[in-house]
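Chemist: This one is my_file-v2.cif, mmCIF, C-alpha atoms (C1' of nucleotides).
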```cif
data_data
#
loop_
_atom_site.label_atom_id
_atom_site.label_comp_id
_atom_site.auth_asym_id
_atom_site.auth_seq_id
_atom_site.Cartn_x
_atom_site.Cartn_y
_atom_site.Cartn_z
CA MET A 1 -23.11 15.06 -47.81
CA ASN A 2 -19.66 16.53 -48.09
CA ASP A 3 -17.52 15.45 -45.14
CA SER A 4 -14.21 16.33 -46.73
CA TYR A 5 -13.98 19.41 -44.55
CA THR A 6 -15.21 20.32 -41.09
CA ASN A 7 -18.11 22.71 -40.62
CA THR A 8 -15.72 25.26 -39.20
CA GLN A 9 -13.45 25.02 -42.22
CA VAL A 10 -16.39 25.53 -44.57
CA ASN A 11 -17.79 28.37 -42.47
CA ILE A 12 -14.49 30.21 -42.28
CA ALA A 13 -14.05 29.79 -46.02
CA ASN A 14 -17.54 31.11 -46.77
CA LEU A 15 -17.15 34.12 -44.49
CA CYS A 16 -13.74 34.93 -45.93
CA LYS A 17 -15.11 34.55 -49.45
CA ALA A 18 -17.77 37.13 -48.62
CA MET A 19 -14.99 39.54 -47.68
CA ALA A 20 -12.75 38.56 -50.59
CA HIS A 21 -13.52 41.61 -52.73
CA PRO A 22 -12.50 45.19 -51.96
CA ALA A 23 -15.95 46.48 -52.85
CA ARG A 24 -17.49 44.29 -50.17
CA VAL A 25 -14.86 45.33 -47.63
CA SER A 26 -15.71 48.92 -48.53
CA ILE A 27 -19.43 48.28 -48.03
CA VAL A 28 -18.82 46.86 -44.56
CA GLN A 29 -16.57 49.76 -43.58
CA HIS A 30 -19.16 52.21 -44.86
CA LEU A 31 -21.92 50.59 -42.83
CA LEU A 32 -19.68 50.80 -39.76
CA SER A 33 -18.87 54.47 -40.23
CA GLN A 34 -22.14 55.92 -41.47
CA PRO A 35 -25.39 56.20 -39.57
CA ASP A 36 -27.37 55.92 -42.77
CA CYS A 37 -27.47 52.57 -44.47
CA ILE A 38 -29.47 53.17 -47.61
CA CYS A 39 -28.54 51.05 -50.58
CA GLY A 40 -28.42 54.07 -52.88
CA ASP A 41 -25.78 55.73 -50.70
CA ILE A 42 -23.64 52.63 -50.97
CA VAL A 43 -24.00 52.63 -54.75
CA ASP A 44 -22.82 56.26 -54.80
CA GLU A 45 -19.74 55.33 -52.75
CA LEU A 46 -18.55 52.66 -55.15
CA PRO A 47 -17.21 52.82 -58.71
CA LEU A 48 -19.66 50.16 -59.79
CA SER A 49 -23.07 49.99 -61.36
CA GLN A 50 -26.23 49.67 -59.30
CA SER A 51 -26.76 46.06 -60.34
CA THR A 52 -23.22 45.07 -59.46
CA VAL A 53 -23.46 46.67 -56.03
CA SER A 54 -26.72 44.83 -55.53
CA GLN A 55 -24.88 41.56 -56.23
CA HIS A 56 -22.17 42.40 -53.70
CA LEU A 57 -24.81 43.24 -51.10
CA LYS A 58 -26.46 39.90 -51.83
CA ALA A 59 -23.16 38.08 -51.27
CA LEU A 60 -22.71 39.71 -47.86
CA LYS A 61 -26.33 39.07 -46.94
CA LYS A 62 -26.08 35.42 -47.98
CA VAL A 63 -23.58 34.68 -45.20
CA GLY A 64 -25.40 36.96 -42.75
CA LEU A 65 -22.70 39.60 -42.32
CA ILE A 66 -25.21 42.29 -43.25
CA GLN A 67 -28.96 42.44 -43.33
CA GLY A 68 -31.39 44.50 -45.36
CA THR A 69 -34.69 45.96 -44.28
CA VAL A 70 -37.15 47.33 -46.78
CA SER A 71 -38.06 50.92 -45.92
CA GLY A 72 -40.59 52.16 -48.40
CA PRO A 73 -39.02 52.18 -51.84
CA LYS A 74 -35.58 52.09 -50.26
CA VAL A 75 -33.68 49.33 -48.50
CA CYS A 76 -31.73 49.94 -45.33
CA TYR A 77 -28.66 47.74 -45.03
CA CYS A 78 -26.79 47.30 -41.80
CA ILE A 79 -24.20 45.20 -40.03
CA ASN A 80 -25.40 42.01 -38.34
CA PRO A 81 -23.33 41.79 -35.15
CA VAL A 82 -24.28 38.15 -34.54
CA ALA A 83 -22.66 36.86 -37.71
CA TRP A 84 -19.61 39.03 -37.13
CA ASP A 85 -19.24 37.62 -33.65
CA GLU A 86 -19.33 34.11 -35.05
CA PHE A 87 -16.78 35.07 -37.68
CA SER A 88 -14.53 36.52 -35.01
CA SER A 89 -14.90 33.49 -32.75
CA MET A 90 -13.87 31.17 -35.58
CA ILE A 91 -10.86 33.05 -36.89
CA THR A 92 -9.51 34.54 -33.65
CA PRO A 93 -8.31 31.11 -32.41
CA ILE A 94 -6.18 30.89 -35.53
CA PHE A 95 -4.70 34.33 -34.86
CA ASN A 96 -3.98 33.25 -31.28
CA GLU A 97 -2.38 29.96 -32.24
CA VAL A 98 -0.17 31.68 -34.76
CA GLU A 99 1.13 33.92 -31.97
CA THR A 100 2.48 30.90 -30.12
CA LYS A 101 3.96 29.39 -33.26
CA LEU A 102 7.64 29.41 -33.92
CA ASN A 103 8.67 29.63 -37.51
CA CYS A 104 9.75 26.01 -38.09
CA CYS A 105 11.98 26.42 -41.12
CA MET B 1 -2.87 52.79 -60.61
CA ASN B 2 -6.14 51.72 -59.07
CA ASP B 3 -7.31 54.20 -56.45
CA SER B 4 -10.87 52.97 -56.34
CA TYR B 5 -10.15 51.23 -53.05
CA THR B 6 -7.82 51.88 -50.15
CA ASN B 7 -4.73 49.72 -49.62
CA THR B 8 -6.33 48.29 -46.52
CA GLN B 9 -9.46 47.32 -48.41
CA VAL B 10 -7.42 45.59 -51.09
CA ASN B 11 -5.18 43.87 -48.52
CA ILE B 12 -8.09 42.59 -46.46
CA ALA B 13 -9.76 41.33 -49.63
CA ASN B 14 -6.60 39.54 -50.77
CA LEU B 15 -5.99 37.91 -47.40
CA CYS B 16 -9.61 36.83 -47.12
CA LYS B 17 -9.49 35.48 -50.68
CA ALA B 18 -6.51 33.34 -49.69
CA MET B 19 -8.63 31.84 -46.90
CA ALA B 20 -11.77 31.59 -49.03
CA HIS B 21 -11.48 27.85 -49.71
CA PRO B 22 -11.91 25.09 -47.13
CA ALA B 23 -8.84 23.26 -48.41
CA ARG B 24 -6.69 26.30 -47.64
CA VAL B 25 -8.26 26.72 -44.22
CA SER B 26 -7.46 23.06 -43.62
CA ILE B 27 -3.86 23.55 -44.70
CA VAL B 28 -3.41 26.42 -42.26
CA GLN B 29 -4.99 24.46 -39.41
CA HIS B 30 -2.76 21.50 -40.21
CA LEU B 31 0.36 23.64 -40.13
CA LEU B 32 -0.74 25.00 -36.76
CA SER B 33 -1.37 21.59 -35.23
CA GLN B 34 1.42 19.49 -36.67
CA PRO B 35 5.11 19.83 -35.99
CA ASP B 36 5.96 18.48 -39.42
CA CYS B 37 5.26 20.67 -42.41
CA ILE B 38 6.14 18.59 -45.42
CA CYS B 39 4.13 19.22 -48.55
CA GLY B 40 3.53 15.50 -49.06
CA ASP B 41 1.87 15.20 -45.65
CA ILE B 42 -0.49 18.02 -46.56
CA VAL B 43 -1.36 16.29 -49.82
CA ASP B 44 -2.21 13.14 -47.86
CA GLU B 45 -4.51 15.12 -45.58
CA LEU B 46 -6.62 16.53 -48.36
CA PRO B 47 -9.03 14.90 -50.81
CA LEU B 48 -7.32 16.60 -53.72
CA SER B 49 -4.65 15.76 -56.23
CA GLN B 50 -1.03 16.72 -55.66
CA SER B 51 -1.11 19.41 -58.35
CA THR B 52 -4.26 20.99 -56.90
CA VAL B 53 -2.79 21.07 -53.41
CA SER B 54 0.31 22.67 -54.87
CA GLN B 55 -1.90 25.40 -56.32
CA HIS B 56 -3.57 26.01 -52.98
CA LEU B 57 -0.19 26.22 -51.27
CA LYS B 58 0.87 28.73 -53.91
CA ALA B 59 -2.21 30.87 -53.20
CA LEU B 60 -1.38 30.99 -49.48
CA LYS B 61 2.26 31.68 -50.17
CA LYS B 62 1.40 34.48 -52.61
CA VAL B 63 -0.12 36.59 -49.81
CA GLY B 64 2.56 35.52 -47.34
CA LEU B 65 0.38 33.58 -44.91
CA ILE B 66 2.66 30.58 -45.29
CA GLN B 67 6.19 30.11 -46.49
CA GLY B 68 8.00 27.17 -48.05
CA THR B 69 11.57 26.10 -47.55
CA VAL B 70 13.18 23.56 -49.83
CA SER B 71 14.60 20.69 -47.81
CA GLY B 72 16.27 18.27 -50.14
CA PRO B 73 13.70 16.86 -52.51
CA LYS B 74 10.95 17.88 -50.11
CA VAL B 75 9.51 21.27 -49.24
CA CYS B 76 8.75 22.31 -45.68
CA TYR B 77 5.79 24.66 -45.43
CA CYS B 78 5.02 26.66 -42.34
CA ILE B 79 2.98 29.52 -40.98
CA ASN B 80 4.39 33.01 -41.40
CA PRO B 81 3.48 34.83 -38.16
CA VAL B 82 4.28 38.26 -39.60
CA ALA B 83 1.61 38.08 -42.31
CA TRP B 84 -0.90 36.67 -39.85
CA ASP B 85 -0.23 39.52 -37.47
CA GLU B 86 -0.88 42.00 -40.25
CA PHE B 87 -4.06 40.17 -41.18
CA SER B 88 -5.19 40.26 -37.57
CA SER B 89 -4.37 43.93 -37.19
CA MET B 90 -6.43 44.82 -40.24
CA ILE B 91 -9.55 42.79 -39.51
CA THR B 92 -9.66 43.03 -35.72
CA PRO B 93 -10.65 46.73 -35.84
CA ILE B 94 -13.70 45.70 -37.85
CA PHE B 95 -14.61 43.07 -35.26
CA ASN B 96 -14.22 45.68 -32.54
CA GLU B 97 -16.29 48.30 -34.31
CA VAL B 98 -19.06 45.81 -34.89
CA GLU B 99 -19.20 45.17 -31.15
CA THR B 100 -20.12 48.80 -30.51
CA LYS B 101 -22.65 48.83 -33.35
CA LEU B 102 -26.33 48.80 -32.68
CA ASN B 103 -28.45 47.10 -35.25
CA CYS B 104 -29.96 50.12 -37.00
CA CYS B 105 -32.99 48.55 -38.67
"C1'" DT C 1 24.70 6.52 -64.02
"C1'" DA C 2 20.06 5.09 -63.40
"C1'" DA C 3 15.93 4.85 -60.89
"C1'" DA C 4 12.94 6.62 -57.47
"C1'" DT C 5 10.93 10.44 -54.83
"C1'" DT C 6 9.09 14.88 -54.28
"C1'" DT C 7 6.98 18.99 -55.81
"C1'" DA C 8 6.19 22.72 -59.28
"C1'" DT C 9 4.42 23.84 -63.61
"C1'" DC C 10 1.86 23.21 -68.01
"C1'" DG C 11 -2.21 22.48 -70.56
"C1'" DT C 12 -6.91 22.19 -70.30
"C1'" DA C 13 -11.82 21.69 -68.92
"C1'" DT C 14 -15.34 23.16 -65.84
"C1'" DT C 15 -17.30 26.14 -62.66
"C1'" DT C 16 -17.68 30.45 -60.31
"C1'" DT C 17 -17.13 35.31 -59.95
"C1'" DT C 18 -17.51 39.80 -61.60
"C1'" DA C 19 -19.53 43.28 -64.28
"C1'" DC C 20 -22.87 45.62 -67.09
"C1'" DG C 21 -27.27 47.08 -69.32
"C1'" DA C 22 -32.06 46.09 -69.55
"C1'" DT C 23 -36.05 44.89 -67.30
"C1'" DT C 24 -39.13 44.16 -63.45
"C1'" DA C 25 -41.32 45.11 -59.08
"C1'" DT C 26 -42.51 48.02 -55.37
"C1'" DG C 27 -43.81 52.10 -53.18
"C1'" DA C 28 -44.06 57.35 -53.30
"C1'" DA C 29 -45.40 61.47 -55.34
"C1'" DT C 30 -47.97 64.09 -58.59
"C1'" DA D 1 -53.96 56.61 -62.70
"C1'" DT D 2 -49.44 58.01 -64.14
"C1'" DT D 3 -44.97 59.13 -63.34
"C1'" DC D 4 -40.84 58.86 -60.68
"C1'" DA D 5 -37.43 56.70 -57.66
"C1'" DT D 6 -35.34 52.75 -55.66
"C1'" DA D 7 -33.46 48.31 -55.75
"C1'" DA D 8 -33.68 43.34 -57.21
"C1'" DT D 9 -33.37 40.21 -60.89
"C1'" DC D 10 -32.40 38.56 -65.66
"C1'" DG D 11 -29.46 37.71 -69.45
"C1'" DT D 12 -25.01 37.67 -70.84
"C1'" DA D 13 -20.01 38.35 -71.54
"C1'" DA D 14 -15.42 38.25 -69.72
"C1'" DA D 15 -12.30 36.98 -66.25
"C1'" DA D 16 -10.74 34.19 -62.41
"C1'" DA D 17 -10.81 30.03 -59.59
"C1'" DT D 18 -10.75 25.17 -59.22
"C1'" DA D 19 -9.47 20.63 -60.49
"C1'" DC D 20 -7.00 17.07 -62.87
"C1'" DG D 21 -3.45 14.38 -65.50
"C1'" DA D 22 0.87 14.77 -67.69
"C1'" DT D 23 5.26 16.51 -67.62
"C1'" DA D 24 9.42 18.70 -65.90
"C1'" DA D 25 12.92 19.78 -62.45
"C1'" DA D 26 15.61 18.75 -58.53
"C1'" DT D 27 17.50 15.70 -55.14
"C1'" DT D 28 18.28 11.38 -53.10
"C1'" DT D 29 19.05 6.59 -53.32
"C1'" DA D 30 20.61 2.36 -55.35
#
```
Could the structure of this file be written out as structure tokens, please?
Modeler:
Amino acid sequence: MNDSYTNTQVNIANLCKAMAHPARVSIVQHLLSQPDCICGDIVDELPLSQSTVSQHLKALKKVGLIQGTVSGPKVCYCINPVAWDEFSSMITPIFNEVETKLNCC
Amino acid sequence: MNDSYTNTQVNIANLCKAMAHPARVSIVQHLLSQPDCICGDIVDELPLSQSTVSQHLKALKKVGLIQGTVSGPKVCYCINPVAWDEFSSMITPIFNEVETKLNCC
DNA sequence: TAAATTTATCGTATTTTTACGATTATGAAT
DNA sequence: ATTCATAATCGTAAAAATACGATAAATTTA
């Protein structure tokens, strides 16, 4: 289809896009720090409406960084370590290469 | 001003936003792999117009991930290790915390 | 000086993102 | 069965991102 960019380039871009809003960064940090992972708790943490938070959760879920499990009338969201490991393995090489890079100009 | 989010949350979001397009990921990878760093070479690498590439370069420069130095009529772009180190130091803790995280649901 | 080269900026059109309220769907509690 | 609580989706409006051609600015070359 679209071979303008490599799969890695597209994947890195999509993962970064998922983290490209402070509300979504906040959601991830909350899921890392709190044992509970109920959607309603996340809504309470953020200065946004329930529907907007639901959209942000959907954006994170779309790229796999979080996952949601229905628990009665509630939904339990949590971190998906697999996707985070893939994210890390794609962007860490860039961090490492930068380390060895002299400022050329 | 806006204390809805922490500085770290906003900074991570801004850095991720800068990398949230495959063309910008490609630019960074090119600057890491090539010794030259002339804007024109980057334009040739991408399936985008010169003005669009210029916009992408501006987005990366805005958050400090790259820097441009005028060199005659040309401009030499290169990686800015300092900003990348800050990026790494902000997002690596998340990667590390995820590692210790059991999937809760 | 004039022409050519390189890159940024302007103006603009299209698409995507962000946000909200209203509604819907599902399950729990009464 | 009805009401309540939770969360997704719909519809929509406003803002931001993306892309391009045209133009401008700066420097080099002829």
Chemist: For the atom pair CA of Ile38 (chain B) and CA of Ser71 (chain B), what is the interatomic distance in Å to one decimal place?
Modeler: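 According to the coordinates, CA of Ile38 (chain B) and CA of Ser71 (chain B) are separated by 9.0 Å.
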Chemist: What are the residues of chain B lining chain C at 9 Å or less? Count all atoms listed in the file, and put the answer as a PyMOL selection string.
Modeler: chain B and resi 39-40+50-51+54+72-75
Chemist: Once chain A is superposed on chain B with a least-squares fit on all C-alpha pairs taken in order, can you show it as a CSV table (one decimal) with C-alpha atoms, in the coordinates of the input?
Modeler:
```
chain,number,residue,atom,x,y,z
A,1,MET,CA,-3.0,52.9,-60.7
A,2,ASN,CA,-6.2,51.7,-59.1
A,3,ASP,CA,-7.3,54.2,-56.5
A,4,SER,CA,-10.9,53.0,-56.3
A,5,TYR,CA,-10.2,51.2,-53.0
A,6,THR,CA,-7.8,51.9,-50.1
A,7,ASN,CA,-4.7,49.7,-49.6
A,8,THR,CA,-6.3,48.3,-46.5
A,9,GLN,CA,-9.5,47.3,-48.4
A,10,VAL,CA,-7.4,45.6,-51.1
A,11,ASN,CA,-5.2,43.9,-48.5
A,12,ILE,CA,-8.1,42.6,-46.5
A,13,ALA,CA,-9.8,41.3,-49.6
A,14,ASN,CA,-6.6,39.5,-50.8
A,15,LEU,CA,-6.0,37.9,-47.4
A,16,CYS,CA,-9.6,36.8,-47.1
A,17,LYS,CA,-9.5,35.5,-50.7
A,18,ALA,CA,-6.5,33.3,-49.7
A,19,MET,CA,-8.6,31.8,-46.9
A,20,ALA,CA,-11.8,31.6,-49.1
A,21,HIS,CA,-11.5,27.8,-49.7
A,22,PRO,CA,-11.9,25.1,-47.1
A,23,ALA,CA,-8.8,23.3,-48.4
A,24,ARG,CA,-6.7,26.3,-47.7
A,25,VAL,CA,-8.3,26.7,-44.2
A,26,SER,CA,-7.5,23.0,-43.6
A,27,ILE,CA,-3.9,23.5,-44.7
A,28,VAL,CA,-3.4,26.4,-42.3
A,29,GLN,CA,-5.0,24.5,-39.4
A,30,HIS,CA,-2.8,21.5,-40.2
A,31,LEU,CA,0.4,23.6,-40.1
A,32,LEU,CA,-0.7,25.0,-36.8
A,33,SER,CA,-1.4,21.6,-35.3
A,34,GLN,CA,1.4,19.5,-36.7
A,35,PRO,CA,5.1,19.8,-36.0
A,36,ASP,CA,5.9,18.5,-39.5
A,37,CYS,CA,5.2,20.7,-42.4
A,38,ILE,CA,6.1,18.6,-45.4
A,39,CYS,CA,4.1,19.2,-48.5
A,40,GLY,CA,3.5,15.5,-49.0
A,41,ASP,CA,1.9,15.2,-45.6
A,42,ILE,CA,-0.5,18.0,-46.6
A,43,VAL,CA,-1.4,16.3,-49.8
A,44,ASP,CA,-2.2,13.1,-47.9
A,45,GLU,CA,-4.5,15.1,-45.6
A,46,LEU,CA,-6.6,16.5,-48.4
A,47,PRO,CA,-9.0,14.9,-50.8
A,48,LEU,CA,-7.3,16.6,-53.7
A,49,SER,CA,-4.6,15.7,-56.2
A,50,GLN,CA,-1.0,16.7,-55.7
A,51,SER,CA,-1.1,19.4,-58.3
A,52,THR,CA,-4.2,21.0,-56.9
A,53,VAL,CA,-2.8,21.1,-53.4
A,54,SER,CA,0.3,22.7,-54.9
A,55,GLN,CA,-1.9,25.4,-56.3
A,56,HIS,CA,-3.6,26.0,-53.0
A,57,LEU,CA,-0.2,26.2,-51.3
A,58,LYS,CA,0.9,28.7,-53.9
A,59,ALA,CA,-2.2,30.9,-53.2
A,60,LEU,CA,-1.4,31.0,-49.5
A,61,LYS,CA,2.3,31.7,-50.2
A,62,LYS,CA,1.4,34.5,-52.6
A,63,VAL,CA,-0.1,36.6,-49.8
A,64,GLY,CA,2.6,35.5,-47.3
A,65,LEU,CA,0.4,33.6,-44.9
A,66,ILE,CA,2.7,30.6,-45.3
A,67,GLN,CA,6.2,30.1,-46.5
A,68,GLY,CA,8.0,27.2,-48.1
A,69,THR,CA,11.6,26.1,-47.6
A,70,VAL,CA,13.2,23.6,-49.8
A,71,SER,CA,14.6,20.7,-47.8
A,72,GLY,CA,16.3,18.3,-50.1
A,73,PRO,CA,13.7,16.8,-52.5
A,74,LYS,CA,11.0,17.9,-50.1
A,75,VAL,CA,9.5,21.3,-49.2
A,76,CYS,CA,8.7,22.3,-45.7
A,77,TYR,CA,5.8,24.6,-45.4
A,78,CYS,CA,5.0,26.6,-42.3
A,79,ILE,CA,3.0,29.5,-41.0
A,80,ASN,CA,4.4,33.0,-41.4
A,81,PRO,CA,3.5,34.8,-38.2
A,82,VAL,CA,4.3,38.2,-39.6
A,83,ALA,CA,1.6,38.1,-42.3
A,84,TRP,CA,-0.9,36.7,-39.9
A,85,ASP,CA,-0.2,39.5,-37.5
A,86,GLU,CA,-0.9,42.0,-40.2
A,87,PHE,CA,-4.1,40.2,-41.2
A,88,SER,CA,-5.2,40.3,-37.6
A,89,SER,CA,-4.4,43.9,-37.2
A,90,MET,CA,-6.4,44.8,-40.2
A,91,ILE,CA,-9.5,42.8,-39.5
A,92,THR,CA,-9.7,43.0,-35.7
A,93,PRO,CA,-10.7,46.7,-35.8
A,94,ILE,CA,-13.7,45.7,-37.8
A,95,PHE,CA,-14.6,43.0,-35.3
A,96,ASN,CA,-14.2,45.7,-32.5
A,97,GLU,CA,-16.3,48.3,-34.3
A,98,VAL,CA,-19.0,45.8,-34.9
A,99,GLU,CA,-19.2,45.2,-31.2
A,100,THR,CA,-20.1,48.8,-30.5
A,101,LYS,CA,-22.6,48.8,-33.3
A,102,LEU,CA,-26.3,48.8,-32.7
A,103,ASN,CA,-28.4,47.1,-35.3
A,104,CYS,CA,-29.9,50.1,-37.0
A,105,CYS,CA,-33.0,48.6,-38.6
```
Chemist: Skipping near chain neighbours, those fewer than 2 positions away, what residues fall within 9 Å of region 10-22 of chain B using only C-alpha atoms (C1' of nucleotides), listed as number ranges by chain?
Modeler: A: 5-6, 8-25; B: 5-8, 24-28, 56, 59-65, 87, 90-91
Chemist: Name the residues within 10 Å of (-27.7, 40.2, -34.4), counting all atoms listed in the file in the file's coordinates, and put them as an MDAnalysis selection string.
Modeler: (chainID A and resid 64:67 79:85) or (chainID B and resid 102:103)
Chemist: How far is it from CA of Lys58 (chain B) to CA of Tyr77 (chain B), in Å with one decimal?
Modeler: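 So the two atoms, CA of Lys58 (chain B) and CA of Tyr77 (chain B), lie 10.6 Å apart.
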